[in-house]
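Source file: protein11.csv (CSV, C-alpha atoms)
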chain,number,residue,atom,x,y,z
A,1,MET,CA,-23.7,-42.4,76.5
A,2,ASN,CA,-24.7,-38.7,76.2
A,3,PRO,CA,-23.6,-37.1,79.4
A,4,ALA,CA,-26.9,-35.1,79.5
A,5,HIS,CA,-29.4,-37.8,78.7
A,6,HIS,CA,-30.2,-39.0,82.2
A,7,LEU,CA,-31.0,-35.4,83.3
A,8,ASP,CA,-33.2,-34.3,80.4
A,9,HIS,CA,-36.5,-35.4,81.9
A,10,ALA,CA,-35.6,-34.9,85.6
A,11,ALA,CA,-37.6,-32.1,87.1
A,12,VAL,CA,-35.7,-29.5,89.3
A,13,GLU,CA,-36.6,-26.4,91.1
A,14,ALA,CA,-36.1,-23.5,88.6
A,15,ARG,CA,-36.6,-20.1,90.0
A,16,SER,CA,-36.6,-18.2,86.7
A,17,LEU,CA,-39.2,-20.5,85.0
A,18,PRO,CA,-42.9,-19.8,85.3
A,19,GLN,CA,-43.5,-23.5,86.1
A,20,SER,CA,-41.4,-25.2,88.7
A,21,PRO,CA,-40.2,-27.9,89.2
A,22,THR,CA,-39.5,-28.5,85.6
A,23,SER,CA,-37.1,-30.3,83.3
A,24,PRO,CA,-35.1,-29.3,80.2
A,25,ALA,CA,-37.4,-31.4,78.0
A,26,GLU,CA,-40.5,-29.6,79.4
A,27,VAL,CA,-38.9,-26.2,78.9
A,28,ARG,CA,-38.2,-27.0,75.3
A,29,ASP,CA,-41.8,-27.9,74.7
A,30,ALA,CA,-43.3,-25.0,76.6
A,31,GLY,CA,-43.1,-22.3,73.9
A,32,LEU,CA,-41.8,-19.6,76.3
A,33,ARG,CA,-40.3,-16.3,75.6
A,34,LEU,CA,-37.9,-14.1,77.5
A,35,SER,CA,-40.9,-12.0,78.7
A,36,ASP,CA,-42.4,-15.1,80.3
A,37,LEU,CA,-39.4,-15.7,82.7
A,38,TRP,CA,-39.6,-14.9,86.3
A,39,LEU,CA,-36.9,-12.3,87.0
A,40,PRO,CA,-34.1,-12.1,87.8
A,41,ALA,CA,-33.1,-14.6,85.2
A,42,VAL,CA,-29.7,-15.6,83.9
A,43,THR,CA,-29.9,-16.9,80.3
A,44,LEU,CA,-27.7,-18.5,77.7
A,45,HIS,CA,-27.7,-17.3,74.1
A,46,ARG,CA,-27.8,-20.2,71.7
A,47,ASP,CA,-26.0,-18.6,68.8
A,48,ALA,CA,-23.1,-17.2,70.8
A,49,LEU,CA,-22.8,-20.5,72.7
A,50,HIS,CA,-22.5,-22.6,69.5
A,51,HIS,CA,-20.2,-20.1,67.9
A,52,ASN,CA,-17.8,-20.3,70.9
A,53,LEU,CA,-17.9,-24.1,71.0
A,54,ASP,CA,-17.0,-24.3,67.3
A,55,ARG,CA,-14.6,-21.4,67.3
A,56,PHE,CA,-12.4,-22.6,70.1
A,57,ALA,CA,-12.4,-26.2,68.9
A,58,ARG,CA,-11.2,-25.0,65.5
A,59,TRP,CA,-8.6,-22.7,67.2
A,60,CYS,CA,-7.1,-25.6,69.2
A,61,ALA,CA,-7.1,-27.9,66.1
A,62,GLU,CA,-5.2,-25.3,64.1
A,63,ARG,CA,-2.5,-25.2,66.8
A,64,GLY,CA,-2.2,-28.9,67.3
A,65,LEU,CA,-3.6,-28.7,70.8
A,66,ASP,CA,-5.9,-31.2,72.4
A,67,LEU,CA,-8.7,-29.8,74.6
A,68,ALA,CA,-9.8,-31.1,78.0
A,69,PRO,CA,-12.0,-28.2,79.1
A,70,HIS,CA,-12.3,-27.5,82.8
A,71,ALA,CA,-15.9,-28.8,83.2
A,72,LYS,CA,-16.3,-27.2,86.7
A,73,THR,CA,-17.0,-23.9,84.8
A,74,THR,CA,-20.5,-25.1,83.9
A,75,MET,CA,-21.0,-28.5,85.7
A,76,ALA,CA,-23.6,-29.0,83.0
A,77,PRO,CA,-23.6,-32.4,81.3
A,78,GLN,CA,-25.5,-31.0,78.3
A,79,LEU,CA,-22.6,-28.6,77.6
A,80,TRP,CA,-20.0,-31.3,78.3
A,81,ALA,CA,-21.6,-33.3,75.6
A,82,ALA,CA,-21.4,-30.4,73.2
A,83,GLN,CA,-17.7,-30.0,74.0
A,84,LEU,CA,-17.0,-33.7,73.5
A,85,GLU,CA,-19.0,-33.8,70.3
A,86,ARG,CA,-16.7,-31.1,68.9
A,87,GLY,CA,-13.6,-33.2,69.6
A,88,ALA,CA,-12.6,-32.5,73.2
A,89,TRP,CA,-10.1,-35.2,74.2
A,90,GLY,CA,-11.6,-35.4,77.7
A,91,LEU,CA,-12.8,-33.2,80.6
A,92,THR,CA,-11.0,-31.7,83.5
A,93,ALA,CA,-12.4,-31.9,87.1
A,94,ALA,CA,-11.2,-29.8,90.0
A,95,THR,CA,-12.4,-32.4,92.6
A,96,VAL,CA,-13.0,-36.2,92.8
A,97,ALA,CA,-16.7,-35.4,93.5
A,98,GLN,CA,-16.9,-33.7,90.1
A,99,ALA,CA,-15.1,-36.6,88.5
A,100,ARG,CA,-17.6,-39.0,90.0
A,101,ILE,CA,-20.5,-37.0,88.4
A,102,MET,CA,-18.6,-37.1,85.0
A,103,HIS,CA,-18.1,-40.9,85.3
A,104,ARG,CA,-21.8,-41.4,86.2
A,105,SER,CA,-22.7,-39.2,83.2
A,106,GLY,CA,-20.7,-41.5,80.8
A,107,VAL,CA,-17.7,-39.3,80.3
A,108,SER,CA,-14.8,-41.6,79.4
A,109,ARG,CA,-11.7,-39.6,80.2
A,110,VAL,CA,-11.1,-37.1,83.1
A,111,ILE,CA,-8.1,-35.2,84.4
A,112,ILE,CA,-8.5,-34.5,88.1
A,113,ALA,CA,-6.4,-31.2,88.3
A,114,ASN,CA,-5.4,-31.7,92.0
A,115,GLU,CA,-3.4,-34.1,94.1
A,116,VAL,CA,-5.8,-36.4,95.8
A,117,THR,CA,-5.1,-37.1,99.5
A,118,GLU,CA,-8.6,-38.1,100.8
A,119,THR,CA,-8.6,-41.9,101.6
A,120,ALA,CA,-12.2,-42.4,100.6
A,121,GLN,CA,-11.8,-40.5,97.3
A,122,LEU,CA,-8.7,-42.5,96.5
A,123,ALA,CA,-10.8,-45.7,97.2
A,124,TRP,CA,-13.3,-44.5,94.6
A,125,ILE,CA,-10.5,-43.9,92.1
A,126,ALA,CA,-9.2,-47.4,92.8
A,127,GLU,CA,-12.6,-48.8,91.9
A,128,THR,CA,-12.7,-46.9,88.6
A,129,LEU,CA,-9.4,-48.5,87.7
A,130,ALA,CA,-11.4,-51.7,87.2
A,131,ASP,CA,-13.5,-49.9,84.5
A,132,PRO,CA,-11.9,-50.4,81.1
A,133,GLY,CA,-14.2,-47.7,79.6
A,134,PHE,CA,-13.0,-45.0,82.0
A,135,GLU,CA,-9.6,-43.3,82.2
A,136,THR,CA,-8.8,-40.9,84.9
A,137,MET,CA,-5.5,-39.3,86.1
A,138,CYS,CA,-4.6,-36.9,88.8
A,139,LEU,CA,-1.7,-34.7,89.9
A,140,VAL,CA,1.1,-35.3,92.4
A,141,ASP,CA,3.2,-32.5,93.9
A,142,SER,CA,4.9,-34.1,97.0
A,143,ALA,CA,6.4,-37.3,98.3
A,144,ALA,CA,3.9,-37.1,101.2
A,145,GLY,CA,0.9,-37.0,98.7
A,146,LEU,CA,2.4,-39.8,96.7
A,147,GLU,CA,2.7,-42.0,99.8
A,148,LEU,CA,-1.0,-41.4,100.6
A,149,MET,CA,-1.9,-42.4,97.1
A,150,GLU,CA,0.3,-45.5,97.1
A,151,HIS,CA,-1.2,-46.7,100.4
A,152,ALA,CA,-4.8,-46.2,99.3
A,153,LEU,CA,-4.2,-47.7,95.8
A,154,ARG,CA,-2.4,-50.8,96.9
A,155,GLY,CA,-4.0,-53.8,95.2
A,156,ALA,CA,-5.9,-51.7,92.6
A,157,PRO,CA,-6.4,-53.4,89.2
A,158,ARG,CA,-3.9,-51.2,87.5
A,159,ARG,CA,-1.6,-48.3,88.2
A,160,LEU,CA,-3.1,-44.8,88.3
A,161,PRO,CA,-1.7,-42.4,85.7
A,162,VAL,CA,-0.3,-39.2,87.4
A,163,LEU,CA,1.1,-35.9,86.2
A,164,VAL,CA,3.8,-34.1,88.2
A,165,GLU,CA,2.4,-30.6,89.0
A,166,LEU,CA,4.7,-27.6,88.6
A,167,GLY,CA,3.7,-24.6,90.7
A,168,VAL,CA,4.3,-20.9,90.9
A,169,PRO,CA,6.2,-19.7,94.0
A,170,GLY,CA,3.9,-18.0,96.5
A,171,ARG,CA,0.8,-19.1,94.7
A,172,ARG,CA,-1.2,-22.3,94.6
A,173,THR,CA,-0.2,-26.0,94.6
A,174,GLY,CA,2.7,-27.6,92.7
A,175,VAL,CA,6.4,-28.3,93.1
A,176,ARG,CA,8.3,-25.1,93.2
A,177,THR,CA,11.6,-25.9,91.5
A,178,LEU,CA,12.4,-28.0,88.5
A,179,GLU,CA,15.0,-30.0,90.3
A,180,ASP,CA,12.5,-31.0,93.0
A,181,ALA,CA,9.9,-31.9,90.4
A,182,LEU,CA,12.4,-34.2,88.7
A,183,ASP,CA,13.3,-35.8,92.0
A,184,LEU,CA,9.6,-36.4,92.6
A,185,ALA,CA,9.2,-37.8,89.1
A,186,GLU,CA,12.0,-40.3,89.9
A,187,ARG,CA,10.1,-41.4,93.0
A,188,VAL,CA,6.9,-41.8,90.9
A,189,ALA,CA,8.6,-43.8,88.3
A,190,ARG,CA,9.6,-46.4,90.9
A,191,SER,CA,6.0,-46.7,92.3
A,192,GLU,CA,4.0,-49.9,92.0
A,193,SER,CA,0.7,-48.0,92.4
A,194,VAL,CA,1.0,-45.0,90.1
A,195,ARG,CA,2.7,-44.4,86.8
A,196,LEU,CA,4.2,-41.1,85.4
A,197,VAL,CA,2.5,-39.9,82.2
A,198,GLY,CA,3.5,-36.3,82.1
A,199,VAL,CA,3.5,-32.8,83.6
A,200,GLU,CA,0.9,-30.2,84.5
A,201,GLY,CA,0.8,-26.6,85.4
A,202,PHE,CA,-1.8,-23.8,85.9
A,203,GLU,CA,-0.7,-20.4,84.6
A,204,GLY,CA,-4.0,-18.9,85.7
A,205,VAL,CA,-2.5,-17.9,89.0
A,206,PHE,CA,-0.8,-15.1,87.1
A,207,PRO,CA,-2.8,-11.9,86.4
A,208,GLN,CA,-5.0,-12.5,83.4
A,209,ARG,CA,-4.4,-9.3,81.5
A,210,ARG,CA,-2.4,-8.1,78.4
A,211,ASP,CA,-1.5,-4.5,79.5
A,212,ASP,CA,1.4,-5.2,81.8
A,213,ASP,CA,4.2,-7.7,82.1
A,214,SER,CA,1.9,-10.6,83.0
A,215,PRO,CA,2.1,-12.3,79.6
A,216,ASP,CA,5.9,-12.2,79.7
A,217,ARG,CA,6.0,-13.7,83.2
A,218,THR,CA,3.6,-16.4,82.1
A,219,ARG,CA,5.7,-17.3,79.1
A,220,THR,CA,8.8,-17.7,81.2
A,221,TRP,CA,7.1,-19.9,83.7
A,222,LEU,CA,5.3,-22.0,81.0
A,223,GLY,CA,8.7,-22.8,79.5
A,224,ARG,CA,9.5,-24.9,82.6
A,225,LEU,CA,6.9,-27.6,81.5
A,226,PRO,CA,8.6,-28.6,78.3
A,227,GLU,CA,11.9,-28.4,80.0
A,228,PHE,CA,10.7,-30.9,82.6
A,229,VAL,CA,9.4,-33.2,79.9
A,230,ARG,CA,12.8,-33.2,78.0
A,231,ARG,CA,14.8,-33.8,81.2
A,232,ALA,CA,12.5,-36.5,82.6
A,233,ASP,CA,12.4,-38.3,79.2
A,234,ALA,CA,16.2,-38.2,79.1
A,235,ARG,CA,16.2,-40.0,82.4
A,236,GLY,CA,13.8,-42.7,81.1
A,237,LEU,CA,11.1,-41.8,83.6
A,238,PHE,CA,8.1,-42.3,81.1
A,239,THR,CA,8.7,-46.0,80.5
A,240,GLY,CA,5.2,-46.9,81.8
A,241,ALA,CA,3.4,-44.5,79.5
A,242,ASP,CA,2.1,-44.8,76.0
A,243,GLU,CA,2.6,-41.0,75.4
A,244,ILE,CA,3.8,-38.0,77.3
A,245,ILE,CA,1.1,-35.5,78.4
A,246,VAL,CA,2.0,-31.9,78.8
A,247,THR,CA,-0.9,-29.8,80.0
A,248,ALA,CA,-1.7,-26.3,81.3
A,249,GLY,CA,-4.9,-24.5,82.2
A,250,GLY,CA,-4.9,-22.1,79.3
A,251,SER,CA,-7.4,-19.8,81.2
A,252,SER,CA,-7.2,-16.6,79.1
A,253,TYR,CA,-3.7,-17.5,77.9
A,254,PRO,CA,-4.2,-20.5,75.6
A,255,ASP,CA,-2.0,-18.9,72.9
A,256,LEU,CA,0.9,-18.7,75.3
A,257,VAL,CA,0.4,-22.4,76.2
A,258,ALA,CA,0.3,-23.3,72.5
A,259,ASP,CA,3.6,-21.4,71.9
A,260,ALA,CA,5.3,-23.0,74.9
A,261,PHE,CA,4.3,-26.5,73.9
A,262,SER,CA,5.2,-26.2,70.2
A,263,GLY,CA,8.2,-28.1,68.9
A,264,LEU,CA,8.2,-30.8,71.6
A,265,GLY,CA,9.6,-33.5,69.4
A,266,GLY,CA,12.5,-35.9,69.3
A,267,LEU,CA,11.4,-37.7,72.5
A,268,SER,CA,11.1,-41.4,73.3
A,269,LEU,CA,7.3,-41.2,73.1
A,270,PRO,CA,4.7,-39.1,71.2
A,271,VAL,CA,3.7,-35.9,73.0
A,272,ARG,CA,0.1,-34.9,73.7
A,273,PRO,CA,-0.2,-31.2,74.4
A,274,ILE,CA,-3.5,-30.4,76.2
A,275,VAL,CA,-5.1,-27.1,77.1
A,276,ARG,CA,-7.8,-27.0,79.7
A,277,SER,CA,-9.6,-23.7,79.2
A,278,GLY,CA,-13.2,-23.7,80.3
A,279,CYS,CA,-14.6,-20.2,80.3
A,280,TYR,CA,-14.3,-20.0,76.5
A,281,ILE,CA,-17.7,-21.7,76.2
A,282,THR,CA,-19.5,-18.5,77.3
A,283,HIS,CA,-16.7,-16.0,77.2
A,284,ASP,CA,-17.9,-12.8,79.0
A,285,ASP,CA,-18.0,-9.0,79.0
A,286,LEU,CA,-15.0,-8.2,81.1
A,287,PHE,CA,-12.7,-10.8,82.6
A,288,MET,CA,-12.1,-13.0,79.5
A,289,GLU,CA,-12.7,-10.1,77.1
A,290,ARG,CA,-9.7,-8.4,78.6
A,291,ALA,CA,-7.1,-11.1,78.0
A,292,SER,CA,-8.3,-13.9,75.7
A,293,PRO,CA,-6.5,-14.2,72.4
A,294,LEU,CA,-10.0,-14.5,70.9
A,295,ARG,CA,-11.2,-11.2,72.4
A,296,SER,CA,-13.0,-8.8,70.2
A,297,GLU,CA,-10.1,-6.3,69.8
A,298,ALA,CA,-7.6,-9.0,68.9
A,299,ASP,CA,-9.4,-11.4,66.5
A,300,ALA,CA,-11.5,-11.1,63.4
A,301,ASP,CA,-13.8,-13.9,64.6
A,302,PRO,CA,-13.9,-13.4,68.4
A,303,LEU,CA,-15.6,-15.3,71.1
A,304,ARG,CA,-19.0,-13.8,72.1
A,305,PRO,CA,-20.6,-13.3,75.5
A,306,ALA,CA,-23.2,-16.0,75.8
A,307,LEU,CA,-24.4,-15.2,79.3
A,308,SER,CA,-26.8,-12.5,80.3
A,309,CYS,CA,-28.9,-11.5,83.3
A,310,TYR,CA,-32.2,-9.8,83.1
A,311,ALA,CA,-33.5,-8.0,86.3
A,312,ARG,CA,-36.4,-5.7,87.1
A,313,VAL,CA,-36.0,-2.2,88.4
A,314,LEU,CA,-37.6,-2.2,91.9
A,315,SER,CA,-37.0,1.3,93.1
A,316,CYS,CA,-35.7,4.7,92.0
A,317,PRO,CA,-35.3,6.2,95.5
A,318,GLU,CA,-33.2,9.2,94.6
A,319,PRO,CA,-31.9,11.0,91.5
A,320,GLY,CA,-29.2,9.1,89.7
A,321,ARG,CA,-29.8,5.8,91.4
A,322,ALA,CA,-31.9,2.8,90.6
A,323,LEU,CA,-32.2,-0.5,92.5
A,324,PHE,CA,-32.7,-3.7,90.6
A,325,GLY,CA,-33.8,-7.1,91.8
A,326,ALA,CA,-30.6,-9.2,91.4
A,327,GLY,CA,-27.6,-9.6,93.7
A,328,LYS,CA,-24.8,-11.8,94.9
A,329,ARG,CA,-27.1,-14.8,95.0
A,330,ASP,CA,-27.7,-14.4,91.3
A,331,LEU,CA,-24.6,-12.9,89.6
A,332,SER,CA,-20.8,-13.2,89.6
A,333,PHE,CA,-19.1,-10.5,91.6
A,334,ASP,CA,-15.7,-12.0,92.6
A,335,ILE,CA,-13.7,-10.3,89.8
A,336,ASP,CA,-16.0,-7.6,88.3
A,337,LEU,CA,-19.5,-6.3,88.9
A,338,PRO,CA,-22.1,-6.8,86.1
A,339,VAL,CA,-22.2,-4.4,83.1
A,340,PRO,CA,-25.5,-2.8,82.2
A,341,ARG,CA,-26.1,-3.3,78.4
A,342,ALA,CA,-29.6,-2.0,77.8
A,343,VAL,CA,-33.0,-1.2,79.2
A,344,LEU,CA,-35.9,-3.2,77.9
A,345,ARG,CA,-39.3,-1.4,77.8
A,346,GLU,CA,-42.5,-2.2,75.9
A,347,GLY,CA,-40.7,-4.3,73.4
A,348,ARG,CA,-37.9,-1.9,72.8
A,349,ARG,CA,-34.2,-2.4,73.6
A,350,ILE,CA,-32.6,0.9,74.6
A,351,PRO,CA,-28.7,0.7,74.8
A,352,VAL,CA,-27.1,2.1,77.9
A,353,GLU,CA,-23.7,2.6,76.3
A,354,GLY,CA,-21.8,3.5,79.5
A,355,GLY,CA,-24.3,5.9,81.0
A,356,ALA,CA,-25.1,3.5,83.9
A,357,ARG,CA,-22.9,1.4,86.1
A,358,VAL,CA,-23.4,-1.2,88.9
A,359,VAL,CA,-21.6,0.1,92.0
A,360,GLU,CA,-22.7,-2.5,94.6
A,361,LEU,CA,-24.5,-5.8,95.1
A,362,ASN,CA,-26.4,-7.0,98.2
A,363,ASP,CA,-27.7,-10.5,98.4
A,364,HIS,CA,-30.8,-9.8,96.2
A,365,HIS,CA,-30.4,-6.1,95.2
A,366,GLY,CA,-28.1,-4.3,92.9
A,367,PHE,CA,-27.3,-0.6,92.9
A,368,LEU,CA,-27.3,1.1,89.5
A,369,ASP,CA,-25.8,4.6,89.3
A,370,LEU,CA,-26.9,6.8,86.4
A,371,ASP,CA,-25.1,9.6,84.6
A,372,GLU,CA,-27.1,12.7,83.5
A,373,ASP,CA,-26.9,11.5,79.9
A,374,ALA,CA,-28.1,7.9,80.7
A,375,PRO,CA,-31.4,6.8,79.3
A,376,GLU,CA,-34.2,7.4,81.8
A,377,ILE,CA,-34.9,4.3,83.9
A,378,GLU,CA,-38.2,3.7,85.6
A,379,VAL,CA,-39.6,1.3,88.1
A,380,GLY,CA,-40.8,-1.8,86.3
A,381,ASP,CA,-38.1,-1.5,83.5
A,382,VAL,CA,-36.0,-4.6,82.8
A,383,VAL,CA,-32.2,-4.1,82.6
A,384,GLU,CA,-30.1,-6.5,80.6
A,385,PHE,CA,-26.6,-7.1,82.1
A,386,GLY,CA,-23.5,-8.6,80.8
A,387,LEU,CA,-21.4,-10.7,83.3
A,388,SER,CA,-17.8,-11.4,84.2
A,389,HIS,CA,-16.3,-14.8,85.1
A,390,ALA,CA,-18.7,-17.5,84.1
A,391,CYS,CA,-17.4,-19.9,86.8
A,392,THR,CA,-19.2,-18.0,89.5
A,393,VAL,CA,-22.5,-17.7,87.6
A,394,PHE,CA,-23.4,-21.3,86.7
A,395,ASP,CA,-23.3,-22.5,90.3
A,396,LYS,CA,-26.1,-20.2,91.3
A,397,TRP,CA,-28.7,-21.6,88.8
A,398,SER,CA,-30.0,-25.2,88.6
A,399,LEU,CA,-31.7,-24.7,85.3
A,400,ILE,CA,-30.7,-21.9,82.8
A,401,PRO,CA,-33.0,-21.0,79.9
A,402,VAL,CA,-31.4,-20.8,76.4
A,403,LEU,CA,-32.6,-18.1,74.1
A,404,ASP,CA,-32.5,-17.9,70.3
A,405,ASP,CA,-32.0,-14.6,68.4
A,406,ARG,CA,-35.7,-13.8,68.7
A,407,ASP,CA,-35.8,-14.2,72.5
A,408,HIS,CA,-37.6,-17.5,72.3
A,409,VAL,CA,-36.7,-20.0,75.0
A,410,VAL,CA,-35.5,-23.0,72.9
A,411,ASP,CA,-33.8,-25.1,75.6
A,412,ALA,CA,-32.6,-25.2,79.2
A,413,VAL,CA,-29.3,-26.3,80.6
A,414,ARG,CA,-29.3,-28.3,83.8
A,415,THR,CA,-26.3,-27.8,86.2
A,416,VAL,CA,-25.2,-30.4,88.8
A,417,PHE,CA,-23.2,-28.6,91.4
Full structure transcribed into structure tokens:
Amino acid sequence: MNPAHHLDHAAVEARSLPQSPTSPAEVRDAGLRLSDLWLPAVTLHRDALHHNLDRFARWCAERGLDLAPHAKTTMAPQLWAAQLERGAWGLTAATVAQARIMHRSGVSRVIIANEVTETAQLAWIAETLADPGFETMCLVDSAAGLELMEHALRGAPRRLPVLVELGVPGRRTGVRTLEDALDLAERVARSESVRLVGVEGFEGVFPQRRDDDSPDRTRTWLGRLPEFVRRADARGLFTGADEIIVTAGGSSYPDLVADAFSGLGGLSLPVRPIVRSGCYITHDDLFMERASPLRSEADADPLRPALSCYARVLSCPEPGRALFGAGKRDLSFDIDLPVPRAVLREGRRIPVEGGARVVELNDHHGFLDLDEDAPEIEVGDVVEFGLSHACTVFDKWSLIPVLDDRDHVVDAVRTVF
């Protein structure tokens, strides 16, 4: 089943489309252009999107990595299908609610990248264990969490595969020491409700940058995951598994993950190394561009920004300042503010090239400060913005138009947050 098929003809309120409610199928047939959209509008660029999908799939294959992209980045079944068609091993969900949508969309394999402690959610997982066409697994990072799982999964059709989560001290979830992780793995291996299939960690809690010691700190920490695998295998703790899974988030450090997981041989079972990077699909202008190994300054065939926002200038109330009609309800702002790329006026695209910068966002307004050498900006102009951190863009838009290289609207992507 194509994960996007059941949504293709379903109409949804779409604030940037001239007709609403509408569906992806209707948008494809409407013959729209960028100039027809109601602004502000966040758009996807087809060529960059397809390039990123192909490029990262190839990059993973070259390094012997499987890919289970973090699907919460987009929550877009149409894009999940594109990732799976390019060989993704499965998808990653942050929550059971997301995994339920993936299951309903026909996705066959999901990693839930959290320990699940909600009784009703564990009951749903227990129900899916009766579905031979669906494989899910989740994390465990404590004996208390394991006991909750065991109680809720008692009597389930089969044991739930789990990954012991290793964490970073002072940061998010996960067992803090290797010895404690091995003790927990011993406890999992004795369970009648779950079975140990590997280890998981999320290095994205380290700063995502290449200009300080963050990569070195990340390398050191990632080395704990293969060490866990070797020591747990030596104790015979994977006897209920068909293979040993070792997986990390990847985030903007998939190269460090690949290095850490290389050479994991000589064990009792085959090893499946999995990276879970999600933001690669659209890349961005700042956050991922600073640190990804496939950023423009580090690779001859880099990932490309595939998201843009177009907003109308509403007011120029004083010299050196313009107000545009997009804000926190439209754009990501949690890591970086948007980046002005160009002014669109009467069919022309006038590059800004650093002469303007976004300094503040309100709910529906943005503040654009202009240098003396910046292009003149007038009320009614359209400003094209690059964005940072795709994860906090997709959730703001129920239907995102897709543009080709001539600014024709050739598709629309439905999100299901």
Rounded to one decimal place, report the CA of Val116 in chain A-CA of Ala99 in chain A distance in Å.
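Separation between CA of Val116 in chain A and CA of Ala99 in chain A: 11.8 Å.
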Neighbouring residues of Pro69 in chain A were defined as those with any atom within 8 Å, considering only C-alpha atoms; residues of the same chain fewer than 4 positions away were excluded. Please report them as a PDB file with C-alpha atoms, in the coordinates of the input.
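What ended up in result-v8.pdb:
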ATOM      1  CA  GLN A  83     -17.700 -30.000  74.000  1.00  0.00           C
ATOM      2  CA  ALA A  88     -12.600 -32.500  73.200  1.00  0.00           C
ATOM      3  CA  GLY A  90     -11.600 -35.400  77.700  1.00  0.00           C
ATOM      4  CA  LEU A  91     -12.800 -33.200  80.600  1.00  0.00           C
ATOM      5  CA  THR A  92     -11.000 -31.700  83.500  1.00  0.00           C
ATOM      6  CA  VAL A 275      -5.100 -27.100  77.100  1.00  0.00           C
ATOM      7  CA  ARG A 276      -7.800 -27.000  79.700  1.00  0.00           C
ATOM      8  CA  SER A 277      -9.600 -23.700  79.200  1.00  0.00           C
ATOM      9  CA  GLY A 278     -13.200 -23.700  80.300  1.00  0.00           C
TER      10      GLY A 278
END
In terms of the shortest atom-to-atom distance over only C-alpha atoms, which of A:Ala260, A:Leu269, A:Ala126, A:Val339 is closest to Ile245 in chain A?
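Nearest candidate to Ile245 in chain A out of A:Ala260, A:Leu269, A:Ala126, A:Val339: A:Leu269.
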Restricting the calculation to all atoms listed in the file, which member of A:Ser20, A:Thr177, A:Thr239, A:Asn52 is positioned closest to Leu294 in chain A?
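Using all atoms listed in the file, Leu294 in chain A sits closest to A:Asn52.
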Might you pull out every residue within 12 Å of Val413 in chain A, with all atoms listed in the file counted and same-chain residues fewer than 2 positions away left off, and present them as a PyMOL selection string?
chain A and resi 4-5+7-10+12+14+22-28+42-46+49+74-82+394+397-403+409-411+415-416
How about completing range 353-364 of chain A with N, CA and C atoms and giving it to me as a tab-separated table (two decimals), keeping the file's coordinate frame?
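Just written: out-v8.tsv:
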chain	number	residue	atom	x	y	z
A	353	GLU	N	-24.93	2.09	76.89
A	353	GLU	CA	-23.70	2.60	76.30
A	353	GLU	C	-22.91	3.46	77.36
A	354	GLY	N	-22.65	2.87	78.51
A	354	GLY	CA	-21.80	3.50	79.50
A	354	GLY	C	-22.42	4.54	80.38
A	355	GLY	N	-23.69	4.84	80.18
A	355	GLY	CA	-24.30	5.90	81.00
A	355	GLY	C	-24.79	5.38	82.34
A	356	ALA	N	-24.66	4.07	82.59
A	356	ALA	CA	-25.10	3.50	83.90
A	356	ALA	C	-24.01	2.50	84.29
A	357	ARG	N	-23.85	2.31	85.60
A	357	ARG	CA	-22.90	1.40	86.10
A	357	ARG	C	-23.36	0.77	87.42
A	358	VAL	N	-23.09	-0.50	87.59
A	358	VAL	CA	-23.40	-1.20	88.90
A	358	VAL	C	-22.28	-0.83	89.84
A	359	VAL	N	-22.65	-0.34	91.01
A	359	VAL	CA	-21.60	0.10	92.00
A	359	VAL	C	-21.64	-0.81	93.24
A	360	GLU	N	-22.67	-1.63	93.43
A	360	GLU	CA	-22.70	-2.50	94.60
A	360	GLU	C	-23.77	-3.54	94.43
A	361	LEU	N	-23.53	-4.70	95.06
A	361	LEU	CA	-24.50	-5.80	95.10
A	361	LEU	C	-24.75	-6.18	96.54
A	362	ASN	N	-26.01	-6.31	96.94
A	362	ASN	CA	-26.40	-7.00	98.20
A	362	ASN	C	-26.79	-8.42	97.77
A	363	ASP	N	-27.37	-9.17	98.70
A	363	ASP	CA	-27.70	-10.50	98.40
A	363	ASP	C	-28.73	-10.60	97.20
A	364	HIS	N	-29.77	-9.73	97.25
A	364	HIS	CA	-30.80	-9.80	96.20
A	364	HIS	C	-31.12	-8.42	95.62
